[in-house]
>>> print(open('target34.cif').read())   # mmCIF, C-alpha atoms and all ligand atoms
data_target
#
loop_
_atom_site.label_atom_id
_atom_site.label_comp_id
_atom_site.auth_asym_id
_atom_site.auth_seq_id
_atom_site.Cartn_x
_atom_site.Cartn_y
_atom_site.Cartn_z
CA MET A 1 -9.53 19.77 19.07
CA PRO A 2 -7.71 19.61 15.75
CA SER A 3 -3.95 19.22 16.08
CA ASN A 4 -3.21 21.34 13.04
CA PRO A 5 -5.43 24.46 12.99
CA ALA A 6 -4.33 25.45 9.46
CA LEU A 7 -5.42 22.06 8.14
CA PHE A 8 -8.70 22.33 10.03
CA GLU A 9 -9.27 25.72 8.40
CA ALA A 10 -8.59 24.23 4.95
CA ILE A 11 -11.08 21.44 5.60
CA ALA A 12 -13.66 23.88 6.99
CA HIS A 13 -13.25 26.06 3.91
CA ARG A 14 -13.77 23.06 1.63
CA ILE A 15 -16.91 22.09 3.58
CA ASN A 16 -18.29 25.64 3.57
CA THR A 17 -17.85 25.95 -0.18
CA SER A 18 -19.33 22.51 -0.97
CA ALA A 19 -22.91 21.70 -1.87
CA HIS A 20 -24.94 21.00 1.31
CA HIS A 21 -21.93 22.07 3.38
CA ARG A 22 -20.48 18.58 3.58
CA ILE A 23 -17.76 16.59 1.87
CA PRO A 24 -17.56 12.83 1.30
CA PHE A 25 -15.33 11.04 3.82
CA ALA A 26 -12.97 10.23 0.92
CA GLU A 27 -12.41 13.93 0.29
CA PHE A 28 -11.75 14.52 3.99
CA MET A 29 -9.23 11.64 4.03
CA ASP A 30 -7.57 13.01 0.91
CA LEU A 31 -7.18 16.41 2.60
CA VAL A 32 -5.78 15.14 5.90
CA LEU A 33 -3.30 12.85 4.18
CA TYR A 34 -2.43 14.80 1.02
CA HIS A 35 -3.31 18.49 1.45
CA PRO A 36 -0.51 20.17 -0.55
CA GLU A 37 0.84 22.01 2.52
CA HIS A 38 -0.45 20.32 5.64
CA GLY A 39 -1.25 16.74 4.60
CA TYR A 40 0.16 13.98 6.78
CA TYR A 41 2.22 12.40 3.97
CA ILE A 42 3.21 15.68 2.39
CA THR A 43 5.25 16.84 5.35
CA GLY A 44 7.09 13.54 5.08
CA THR A 45 7.90 12.75 8.69
CA ALA A 46 5.51 9.91 9.20
CA LEU A 47 7.34 6.69 8.58
CA GLY A 48 9.82 4.60 10.48
CA PRO A 49 10.76 3.84 14.06
CA GLY A 50 10.81 7.60 14.83
CA GLY A 51 7.43 8.18 13.15
CA ASP A 52 4.04 6.53 13.53
CA PHE A 53 4.47 3.10 11.95
CA VAL A 54 7.04 0.86 10.33
CA THR A 55 6.80 -1.00 7.03
CA ALA A 56 8.67 -4.08 5.80
CA PRO A 57 11.83 -2.26 4.62
CA HIS A 58 12.30 -0.79 8.11
CA LEU A 59 12.95 -4.33 9.33
CA GLY A 60 16.19 -4.64 7.38
CA HIS A 61 17.44 -5.02 3.84
CA ASP A 62 15.88 -8.46 3.30
CA PHE A 63 12.47 -7.38 1.99
CA GLY A 64 13.94 -5.19 -0.78
CA GLU A 65 16.68 -7.68 -1.59
CA LEU A 66 14.23 -10.55 -2.01
CA LEU A 67 12.01 -8.35 -4.16
CA GLY A 68 15.14 -7.61 -6.21
CA GLU A 69 15.57 -11.36 -6.66
CA GLN A 70 12.03 -11.57 -8.03
CA PHE A 71 12.60 -8.61 -10.37
CA ALA A 72 15.74 -10.23 -11.79
CA GLN A 73 13.70 -13.30 -12.70
CA MET A 74 11.02 -11.12 -14.27
CA TRP A 75 13.69 -9.50 -16.42
CA GLN A 76 14.65 -12.96 -17.67
CA TYR A 77 11.03 -13.94 -18.31
CA LEU A 78 10.51 -10.72 -20.25
CA GLY A 79 13.38 -11.69 -22.57
CA GLN A 80 16.01 -9.38 -21.03
CA PRO A 81 14.52 -6.13 -22.38
CA ARG A 82 16.64 -2.98 -22.70
CA PRO A 83 15.57 -0.80 -21.06
CA PHE A 84 13.99 -2.75 -18.23
CA THR A 85 11.84 -0.46 -16.09
CA LEU A 86 11.08 -0.84 -12.41
CA LEU A 87 8.34 1.63 -11.51
CA GLU A 88 7.93 1.99 -7.76
CA MET A 89 4.76 3.76 -6.67
CA GLY A 90 4.70 5.35 -3.21
CA ALA A 91 8.35 4.82 -2.32
CA GLY A 92 8.28 6.14 1.26
CA GLN A 93 11.81 6.85 2.43
CA GLY A 94 13.40 5.14 -0.57
CA LEU A 95 14.46 2.11 1.47
CA VAL A 96 13.07 -0.50 -0.91
CA ALA A 97 14.67 1.22 -3.90
CA ALA A 98 18.06 1.29 -2.14
CA ASP A 99 17.84 -2.40 -1.22
CA VAL A 100 16.60 -3.52 -4.66
CA LEU A 101 19.33 -1.59 -6.46
CA SER A 102 22.19 -2.76 -4.23
CA HIS A 103 20.98 -6.35 -4.48
CA LEU A 104 20.86 -6.20 -8.27
CA GLU A 105 24.30 -4.59 -8.36
CA ARG A 106 25.80 -7.35 -6.22
CA HIS A 107 23.96 -10.39 -7.57
CA HIS A 108 22.48 -9.54 -10.98
CA PRO A 109 24.68 -6.88 -12.60
CA GLU A 110 23.45 -8.02 -16.04
CA CYS A 111 19.93 -6.93 -15.04
CA LEU A 112 21.12 -3.68 -13.44
CA ALA A 113 22.82 -2.46 -16.61
CA PRO A 114 19.60 -1.96 -18.64
CA LEU A 115 17.58 -0.91 -15.60
CA GLN A 116 15.64 2.35 -15.42
CA TYR A 117 14.28 2.86 -11.91
CA LYS A 118 11.34 5.24 -11.82
CA ILE A 119 9.48 6.50 -8.79
CA VAL A 120 5.99 7.99 -8.67
CA GLU A 121 5.69 9.72 -5.30
CA ILE A 122 3.00 12.17 -4.25
CA SER A 123 4.82 13.61 -1.24
CA GLY A 124 7.38 16.39 -1.76
CA GLY A 125 8.79 15.74 1.72
CA LEU A 126 9.29 12.02 1.08
CA GLN A 127 10.66 12.69 -2.43
CA LYS A 128 13.34 14.80 -0.80
CA THR A 129 14.25 11.97 1.59
CA GLN A 130 14.29 9.53 -1.34
CA ARG A 131 16.58 11.78 -3.40
CA GLN A 132 19.00 12.09 -0.49
CA ARG A 133 19.08 8.36 0.21
CA LEU A 134 19.42 7.40 -3.46
CA ALA A 135 21.76 10.19 -4.58
CA ALA A 136 24.60 7.77 -5.27
CA TRP A 137 22.53 6.11 -8.02
CA GLY A 138 22.58 9.31 -10.06
CA ASP A 139 20.38 9.43 -13.13
CA ARG A 140 19.62 5.72 -13.00
CA ILE A 141 16.65 6.84 -10.88
CA GLU A 142 14.06 9.25 -12.14
CA TRP A 143 11.13 10.81 -10.26
CA VAL A 144 8.14 11.08 -12.55
CA GLY A 145 4.48 12.04 -12.56
CA TRP A 146 1.96 9.86 -14.40
CA ASP A 147 1.72 12.53 -17.11
CA ALA A 148 5.38 11.98 -17.96
CA ILE A 149 4.90 8.26 -18.62
CA ALA A 150 3.43 7.58 -22.06
CA ALA A 151 0.60 5.10 -22.48
CA ASN A 152 1.77 1.60 -23.30
CA SER A 153 5.42 2.47 -22.70
CA VAL A 154 6.64 0.51 -19.67
CA ILE A 155 8.35 -2.83 -20.15
CA GLY A 156 9.16 -4.22 -16.74
CA CYS A 157 7.44 -4.24 -13.39
CA CYS A 158 5.25 -1.65 -11.63
CA PHE A 159 5.16 -2.31 -7.91
CA SER A 160 4.06 -0.89 -4.59
CA ASN A 161 4.30 -1.75 -0.93
CA GLU A 162 1.59 -0.34 1.34
CA LEU A 163 0.49 2.27 -1.20
CA VAL A 164 -3.09 1.16 -1.81
CA ASP A 165 -4.06 1.12 1.88
CA ALA A 166 -3.08 4.80 2.01
CA LEU A 167 -5.45 5.91 -0.79
CA PRO A 168 -8.58 7.81 0.30
CA VAL A 169 -11.71 5.67 0.71
CA HIS A 170 -15.41 6.36 0.67
CA GLN A 171 -17.33 5.10 3.70
CA VAL A 172 -20.86 3.73 3.63
CA VAL A 173 -23.33 2.76 6.36
CA VAL A 174 -26.33 0.43 6.29
CA THR A 175 -29.43 2.36 7.47
CA GLU A 176 -33.17 1.64 7.65
CA ALA A 177 -33.45 3.83 4.55
CA GLY A 178 -30.87 1.84 2.59
CA LEU A 179 -27.13 2.15 2.12
CA GLN A 180 -25.88 5.71 2.67
CA GLU A 181 -22.56 7.47 2.34
CA VAL A 182 -20.63 9.07 5.21
CA TYR A 183 -19.99 12.82 4.79
CA VAL A 184 -17.95 15.15 6.98
CA THR A 185 -19.44 18.47 8.04
CA LEU A 186 -18.87 21.16 10.67
CA GLY A 187 -20.34 20.98 14.16
CA GLU A 188 -23.24 23.30 14.93
CA THR A 189 -21.74 24.83 18.07
CA GLY A 190 -19.41 27.09 16.11
CA GLU A 191 -16.51 25.28 17.79
CA ALA A 192 -13.68 23.97 15.65
CA GLU A 193 -15.34 20.61 15.40
CA LEU A 194 -15.98 18.10 12.63
CA ARG A 195 -18.83 15.66 12.66
CA GLU A 196 -20.33 13.04 10.39
CA THR A 197 -23.60 13.07 8.56
CA LEU A 198 -25.14 10.53 6.17
CA GLY A 199 -26.53 11.14 2.69
CA PRO A 200 -27.02 9.62 -0.76
CA PHE A 201 -23.94 8.43 -2.66
CA SER A 202 -21.72 11.25 -3.92
CA THR A 203 -21.01 9.21 -7.05
CA PRO A 204 -22.87 6.43 -8.90
CA ARG A 205 -19.59 4.50 -8.92
CA ILE A 206 -20.23 3.29 -5.35
CA GLN A 207 -23.43 1.55 -6.45
CA GLU A 208 -21.65 0.15 -9.52
CA TYR A 209 -18.78 -1.09 -7.36
CA PHE A 210 -21.07 -3.17 -5.13
CA GLN A 211 -22.97 -4.46 -8.17
CA ASP A 212 -19.67 -5.46 -9.78
CA ILE A 213 -18.39 -7.37 -6.77
CA GLY A 214 -21.81 -8.91 -6.05
CA ILE A 215 -22.23 -7.54 -2.51
CA HIS A 216 -25.63 -6.24 -1.32
CA LEU A 217 -25.23 -4.34 1.90
CA SER A 218 -28.77 -4.40 3.31
CA PRO A 219 -30.69 -6.04 6.17
CA PRO A 220 -31.22 -8.80 7.12
CA GLY A 221 -27.85 -10.00 5.78
CA TYR A 222 -26.15 -6.90 7.17
CA PRO A 223 -27.24 -5.16 10.39
CA VAL A 224 -28.31 -1.51 10.48
CA GLY A 225 -25.21 0.47 11.46
CA TYR A 226 -22.85 -1.80 9.47
CA ARG A 227 -20.07 0.44 8.16
CA THR A 228 -17.43 -0.23 5.59
CA GLU A 229 -15.14 1.26 2.95
CA VAL A 230 -14.98 1.53 -0.84
CA ASN A 231 -11.61 2.30 -2.41
CA LEU A 232 -12.44 3.82 -5.80
CA ALA A 233 -9.04 5.56 -5.90
CA ALA A 234 -7.40 2.11 -5.95
CA LEU A 235 -9.39 1.18 -9.06
CA ASP A 236 -8.42 4.43 -10.80
CA TRP A 237 -4.80 3.94 -9.81
CA LEU A 238 -4.74 0.40 -11.23
CA SER A 239 -6.29 1.60 -14.52
CA THR A 240 -3.51 4.16 -14.82
CA VAL A 241 -0.85 1.53 -14.15
CA ALA A 242 -2.38 -0.86 -16.69
CA ASP A 243 -2.55 1.94 -19.23
CA ARG A 244 1.18 2.76 -18.90
CA LEU A 245 2.34 -0.88 -18.91
CA GLN A 246 3.13 -2.34 -22.30
CA ARG A 247 4.53 -5.70 -21.19
CA GLY A 248 5.35 -7.03 -17.76
CA TYR A 249 4.08 -7.33 -14.22
CA VAL A 250 2.21 -5.38 -11.55
CA VAL A 251 3.09 -6.38 -7.97
CA THR A 252 0.86 -5.02 -5.20
CA ILE A 253 1.82 -5.77 -1.61
CA ASP A 254 -0.51 -4.66 1.15
CA TYR A 255 -2.81 -5.77 3.92
CA GLY A 256 -6.29 -6.76 2.89
CA TYR A 257 -8.76 -9.47 2.10
CA ALA A 258 -10.75 -11.02 -0.71
CA THR A 259 -14.26 -9.58 -1.17
CA GLN A 260 -16.19 -12.10 0.94
CA ARG A 261 -13.94 -11.59 3.95
CA TYR A 262 -13.71 -7.85 3.42
CA TYR A 263 -17.48 -7.48 3.50
CA ALA A 264 -18.17 -10.23 6.04
CA PRO A 265 -21.35 -9.28 7.97
CA SER A 266 -19.38 -9.66 11.23
CA ARG A 267 -16.94 -6.89 10.22
CA ARG A 268 -19.43 -4.27 11.43
CA GLN A 269 -17.02 -1.34 11.69
CA GLY A 270 -15.09 -1.88 8.46
CA THR A 271 -11.31 -1.73 8.30
CA LEU A 272 -10.43 1.95 8.79
CA GLN A 273 -7.48 2.38 11.15
CA CYS A 274 -5.49 5.39 12.32
CA TYR A 275 -1.83 5.21 13.33
CA TYR A 276 -0.25 7.68 15.71
CA ARG A 277 3.12 7.10 17.35
CA HIS A 278 2.99 3.32 16.86
CA GLY A 279 -0.46 3.01 18.42
CA HIS A 280 -3.67 2.51 16.49
CA HIS A 281 -7.29 3.52 17.02
CA ASP A 282 -10.34 4.23 14.85
CA ASP A 283 -10.96 7.99 15.22
CA PRO A 284 -9.94 9.79 12.00
CA TYR A 285 -10.94 13.19 13.46
CA GLN A 286 -8.13 13.25 16.02
CA TYR A 287 -4.60 14.50 15.31
CA LEU A 288 -5.61 16.02 11.96
CA GLY A 289 -2.68 15.84 9.57
CA GLN A 290 -0.54 14.21 12.22
CA GLN A 291 -1.75 10.63 12.04
CA ASP A 292 -1.99 8.08 9.29
CA ILE A 293 -5.41 6.83 8.19
CA THR A 294 -5.61 3.58 6.26
CA ALA A 295 -8.11 1.02 5.07
CA HIS A 296 -7.50 -2.61 4.13
CA VAL A 297 -7.34 -3.47 0.45
CA ASN A 298 -10.01 -5.50 -1.34
CA PHE A 299 -7.76 -7.68 -3.48
CA THR A 300 -10.67 -9.19 -5.41
CA ALA A 301 -11.68 -5.71 -6.54
CA LEU A 302 -8.12 -5.11 -7.79
CA GLU A 303 -8.17 -8.39 -9.67
CA ARG A 304 -11.51 -7.56 -11.31
CA GLN A 305 -10.41 -4.05 -12.16
CA GLY A 306 -7.19 -5.45 -13.59
CA GLU A 307 -9.15 -7.84 -15.82
CA GLN A 308 -11.19 -4.91 -17.14
CA CYS A 309 -7.97 -3.03 -17.96
CA GLY A 310 -6.04 -5.83 -19.64
CA LEU A 311 -4.17 -7.22 -16.63
CA THR A 312 -4.24 -10.97 -16.08
CA ARG A 313 -3.96 -12.43 -12.60
CA GLU A 314 -0.64 -14.23 -12.25
CA GLY A 315 -1.20 -15.22 -8.64
CA PHE A 316 -1.87 -14.18 -5.09
CA THR A 317 0.05 -15.33 -2.04
CA PRO A 318 0.67 -14.22 1.54
CA GLN A 319 3.82 -12.12 1.98
CA GLY A 320 5.30 -14.73 4.34
CA LEU A 321 5.16 -17.45 1.68
CA PHE A 322 6.29 -15.03 -1.04
CA LEU A 323 9.44 -14.12 0.88
CA MET A 324 10.11 -17.72 1.95
CA ALA A 325 9.86 -18.83 -1.69
CA LEU A 326 12.42 -16.17 -2.59
CA GLY A 327 14.92 -17.36 0.03
CA LEU A 328 14.00 -15.89 3.41
CA GLY A 329 14.13 -19.37 4.97
CA ASP A 330 17.79 -19.69 3.94
CA ARG A 331 18.52 -16.38 5.59
CA ILE A 332 16.90 -17.48 8.85
CA ALA A 333 18.78 -20.78 8.72
CA ALA A 334 22.05 -18.93 8.13
CA ILE A 335 21.47 -16.88 11.30
CA SER A 336 20.93 -20.05 13.34
CA GLU A 337 24.21 -21.41 12.04
CA THR A 338 26.20 -18.25 12.77
CA GLU A 339 28.35 -18.26 15.88
CA ALA A 340 28.35 -14.97 17.76
CA ALA A 341 31.80 -13.80 18.85
CA ASP A 342 30.53 -11.78 21.80
CA THR A 343 27.38 -10.55 23.54
CA SER A 344 26.94 -7.59 21.28
CA ALA A 345 27.20 -9.77 18.15
CA LEU A 346 24.72 -12.18 19.70
CA GLN A 347 22.25 -9.37 20.39
CA GLN A 348 22.61 -8.20 16.81
CA LEU A 349 21.90 -11.70 15.50
CA LEU A 350 18.85 -12.02 17.73
CA ARG A 351 17.52 -8.65 16.57
CA ARG A 352 17.97 -9.67 12.95
CA ARG A 353 16.29 -13.00 13.52
CA GLU A 354 13.36 -11.21 15.20
CA ALA A 355 13.06 -8.82 12.23
CA LEU A 356 12.97 -11.71 9.74
CA HIS A 357 10.31 -13.41 11.81
CA GLN A 358 8.25 -10.22 11.74
CA LEU A 359 8.33 -10.23 7.94
CA ILE A 360 6.71 -13.68 7.85
CA ASN A 361 4.63 -13.62 11.03
CA PRO A 362 1.18 -14.94 10.01
CA LEU A 363 -0.42 -12.63 12.58
CA GLY A 364 1.31 -9.59 11.10
CA MET A 365 3.17 -8.73 7.91
CA GLY A 366 3.44 -12.38 6.89
CA ASN A 367 -0.27 -12.29 6.27
CA PHE A 368 -0.14 -9.25 3.97
CA GLY A 369 -1.18 -10.11 0.42
CA VAL A 370 1.05 -10.13 -2.66
CA LEU A 371 -1.03 -9.78 -5.82
CA ILE A 372 0.83 -10.25 -9.10
CA GLN A 373 -0.81 -9.37 -12.41
CA HIS A 374 0.71 -9.37 -15.84
CA LYS A 375 0.13 -7.89 -19.27
CA GLY A 376 1.37 -8.66 -22.75
CA MET A 377 3.30 -11.76 -21.68
CA ALA A 378 3.52 -14.88 -23.75
CA ALA A 379 3.27 -17.94 -21.49
CA ALA A 380 6.09 -17.69 -18.96
CA PRO A 381 7.05 -20.18 -16.24
CA PRO A 382 5.70 -19.48 -12.75
CA LEU A 383 7.42 -16.76 -10.77
CA GLN A 384 9.62 -17.90 -7.93
CA GLY A 385 7.74 -15.85 -5.32
CA LEU A 386 4.50 -17.64 -6.17
CA MET A 387 5.96 -21.12 -5.93
CA GLU A 388 5.73 -23.38 -2.88
CA PRO A 389 8.66 -22.58 -0.61
CA ALA A 390 11.05 -25.54 -0.21
CA PRO A 391 10.03 -27.60 2.84
CA ARG A 392 12.27 -26.92 5.82
CA PRO A 393 11.97 -27.32 9.60
CA VAL A 394 9.82 -24.62 11.21
CA PRO A 395 12.32 -22.13 12.64
CA ARG A 396 12.52 -22.04 16.44
CA ARG A 397 11.60 -18.67 17.98
C1 LIG B 401 2.48 3.78 3.79
S1 LIG B 401 3.64 4.58 2.81
C2 LIG B 401 4.60 3.21 2.20
C3 LIG B 401 5.97 3.63 1.78
C4 LIG B 401 6.90 2.55 1.23
N1 LIG B 401 6.37 1.87 0.09
C5 LIG B 401 7.29 1.56 2.29
O1 LIG B 401 7.04 0.36 2.12
O2 LIG B 401 7.87 1.97 3.30
C6 LIG B 401 2.71 5.11 1.40
C7 LIG B 401 3.52 5.83 0.37
O3 LIG B 401 2.71 6.08 -0.76
C8 LIG B 401 2.82 7.46 -1.12
N2 LIG B 401 1.58 7.82 -1.84
C9 LIG B 401 0.34 7.89 -1.36
N3 LIG B 401 -0.55 8.18 -2.34
C10 LIG B 401 0.16 8.27 -3.47
C11 LIG B 401 -0.17 8.51 -4.82
N4 LIG B 401 -1.43 8.74 -5.19
N5 LIG B 401 0.80 8.51 -5.73
C12 LIG B 401 2.09 8.28 -5.37
N6 LIG B 401 2.48 8.04 -4.11
C13 LIG B 401 1.52 8.03 -3.17
C14 LIG B 401 3.05 8.14 0.21
O4 LIG B 401 3.53 9.45 0.10
C15 LIG B 401 4.08 7.18 0.80
O5 LIG B 401 5.34 7.34 0.22
#
>>> encode(input="target34.cif", output="structure tokens", more="lines below")
Ligand SMILES: C[S@@+](CC[C@H](N)C(=O)[O-])C[C@H]1O[C@@H](n2cnc3c(N)ncnc32)[C@H](O)[C@@H]1O
Amino acid sequence: MPSNPALFEAIAHRINTSAHHRIPFAEFMDLVLYHPEHGYYITGTALGPGGDFVTAPHLGHDFGELLGEQFAQMWQYLGQPRPFTLLEMGAGQGLVAADVLSHLERHHPECLAPLQYKIVEISGGLQKTQRQRLAAWGDRIEWVGWDAIAANSVIGCCFSNELVDALPVHQVVVTEAGLQEVYVTLGETGEAELRETLGPFSTPRIQEYFQDIGIHLSPPGYPVGYRTEVNLAALDWLSTVADRLQRGYVVTIDYGYATQRYYAPSRRQGTLQCYYRHGHHDDPYQYLGQQDITAHVNFTALERQGEQCGLTREGFTPQGLFLMALGLGDRIAAISETEAADTSALQQLLRRREALHQLINPLGMGNFGVLIQHKGMAAAPPLQGLMEPAPRPVPRR
């Protein structure tokens, strides 16, 4: 049964008014996550320890502060522009923005002075949370839609953490009759039930995408029943970002793989995951509007798309190494050297150490990817986050 009957009705209406009484999976995912009234993200209660999942900034201030360190260096490499724009896309509860801004205020006031912090956020509910959290920063922060940002106008850095995995994806399945797209339709029993059906591609872009990345999903290389995702929205999003950027960087942090791993024949069920109350499963038709649905990011596709839109690949590195290169190792070492005055202080130190380890854990967030692209830059030295972290003893757990 759907968990939100009003959302189910909206989806049913969309299906009933669509050709062949079915909608592509991507349209279904767009509705459950971003329906203007009932979408999972729109209500804005999803994130954090009290929601369904946590992201890096929920583990403490370190993630945002170390990003701030990287932004300060970018400002230098850009020749200290005034204004210097940080454009955060998909800002969640505004935690990263708060940590970046406080870090710049404390450690790089010269970079804070010319800073314009802009946020593009689709969710009214989350925008409200962001405005509350960031109220003290006044008009240094501006919430904008893409229409309000002129082409070729941004000098600075456009960045996102776990945005791209939340964009709606098309799903495809290998069949005896060739590659087909997954559609969502209504059950035949008249019950409030959704079911899947297969059909030809809803857009020629899916075919073009696989041609572009050189992947041919057909037997015998891929078994019948092989299912995977195509994130066309990510490509459109990156084109928009590239269009607005005049000079500077694009930093995309998320979980994902390069093409060959993404479409490995052994990954028979693709990467779609649903998150509900800190558990995960693979049924997107449960808890409609009350669970997150995500798909891993194909970083190679973002790199290729970037190249077509004037973005040059600066580098790609796992989040763990990125944060270590920016000083996370020093922070872990400082904890080890801190003496706790009492049990409560000791527990606090241990919790903090655990959180830092989570940020770099190679089996978790440490293995997220950090893709950095740039545009309009004369040769600049390598960014600190992409450099080899200084060798240091492996921290004890
Ligand atoms: C998984 S959350 C990550 C939030 C935050 N970056 C963090 O690290 O906690 C995804 C965020 O992207 C936003 N979002 C999703 N699609 C968007 C779009 N097309 N434009 C702007 N924001 C979007 C969501 O509302 C949410 O704030």
>>> residues_around(input="target34.cif", residues="region 241-250 of chain A", least_positions_apart="3", cutoff="6 Å", atoms="all atoms listed in the file", output="ChimeraX atom specification")
/A:151-159,238,372-376
>>> atom_distance(input="target34.cif", atom1="CA of Ala233 (chain A)", atom2="atom O2 of ligand LIG 401 (chain B)")
19.6 Å
>>> axis_aligned_box(input="target34.cif", around="ligand LIG 401 (chain B)", padding_each_side="6 Å", output="JSON")
{"center_x": 3.2, "center_y": 4.9, "center_z": -1.0, "size_x": 21.3, "size_y": 21.1, "size_z": 21.5}
>>> residues_near_ligand(input="target34.cif", ligand="ligand LIG 401 (chain B)", cutoff="7 Å", atoms="all atoms listed in the file", output="PyMOL selection string")
chain A and resi 41-42+55-57+89-93+95-96+120-123+126+160-163+166-167
>>> write_last_selection(input="target34.cif", atoms="C-alpha atoms", output="CSV table (one decimal), in the frame of the given file")
chain,number,residue,atom,x,y,z
A,41,TYR,CA,2.2,12.4,4.0
A,42,ILE,CA,3.2,15.7,2.4
A,55,THR,CA,6.8,-1.0,7.0
A,56,ALA,CA,8.7,-4.1,5.8
A,57,PRO,CA,11.8,-2.3,4.6
A,89,MET,CA,4.8,3.8,-6.7
A,90,GLY,CA,4.7,5.4,-3.2
A,91,ALA,CA,8.4,4.8,-2.3
A,92,GLY,CA,8.3,6.1,1.3
A,93,GLN,CA,11.8,6.8,2.4
A,95,LEU,CA,14.5,2.1,1.5
A,96,VAL,CA,13.1,-0.5,-0.9
A,120,VAL,CA,6.0,8.0,-8.7
A,121,GLU,CA,5.7,9.7,-5.3
A,122,ILE,CA,3.0,12.2,-4.2
A,123,SER,CA,4.8,13.6,-1.2
A,126,LEU,CA,9.3,12.0,1.1
A,160,SER,CA,4.1,-0.9,-4.6
A,161,ASN,CA,4.3,-1.8,-0.9
A,162,GLU,CA,1.6,-0.3,1.3
A,163,LEU,CA,0.5,2.3,-1.2
A,166,ALA,CA,-3.1,4.8,2.0
A,167,LEU,CA,-5.4,5.9,-0.8
>>> closest_residue(input="target34.cif", among="A:Leu371, A:Ala177, A:Ala72, A:Leu326", to="Thr300 (chain A)", atoms="only C-alpha atoms")
A:Leu371
>>> atom_distance(input="target34.cif", atom1="CA of Asp292 (chain A)", atom2="CA of Gly50 (chain A)")
14.0 Å
>>> residues_around(input="target34.cif", residues="Ile332 (chain A)", least_positions_apart="4", cutoff="8 Å", atoms="only C-alpha atoms", output="ChimeraX atom specification")
/A:328,336,353,356,395
>>> closest_residue(input="target34.cif", among="A:His38, A:Arg133, A:Ala97, A:His103", to="Ile119 (chain A)", atoms="all atoms listed in the file")
A:Ala97
>>> closest_residue(input="target34.cif", among="A:Ala334, A:Val370, A:Tyr275, A:His61", to="Leu349 (chain A)", atoms="only C-alpha atoms")
A:Ala334
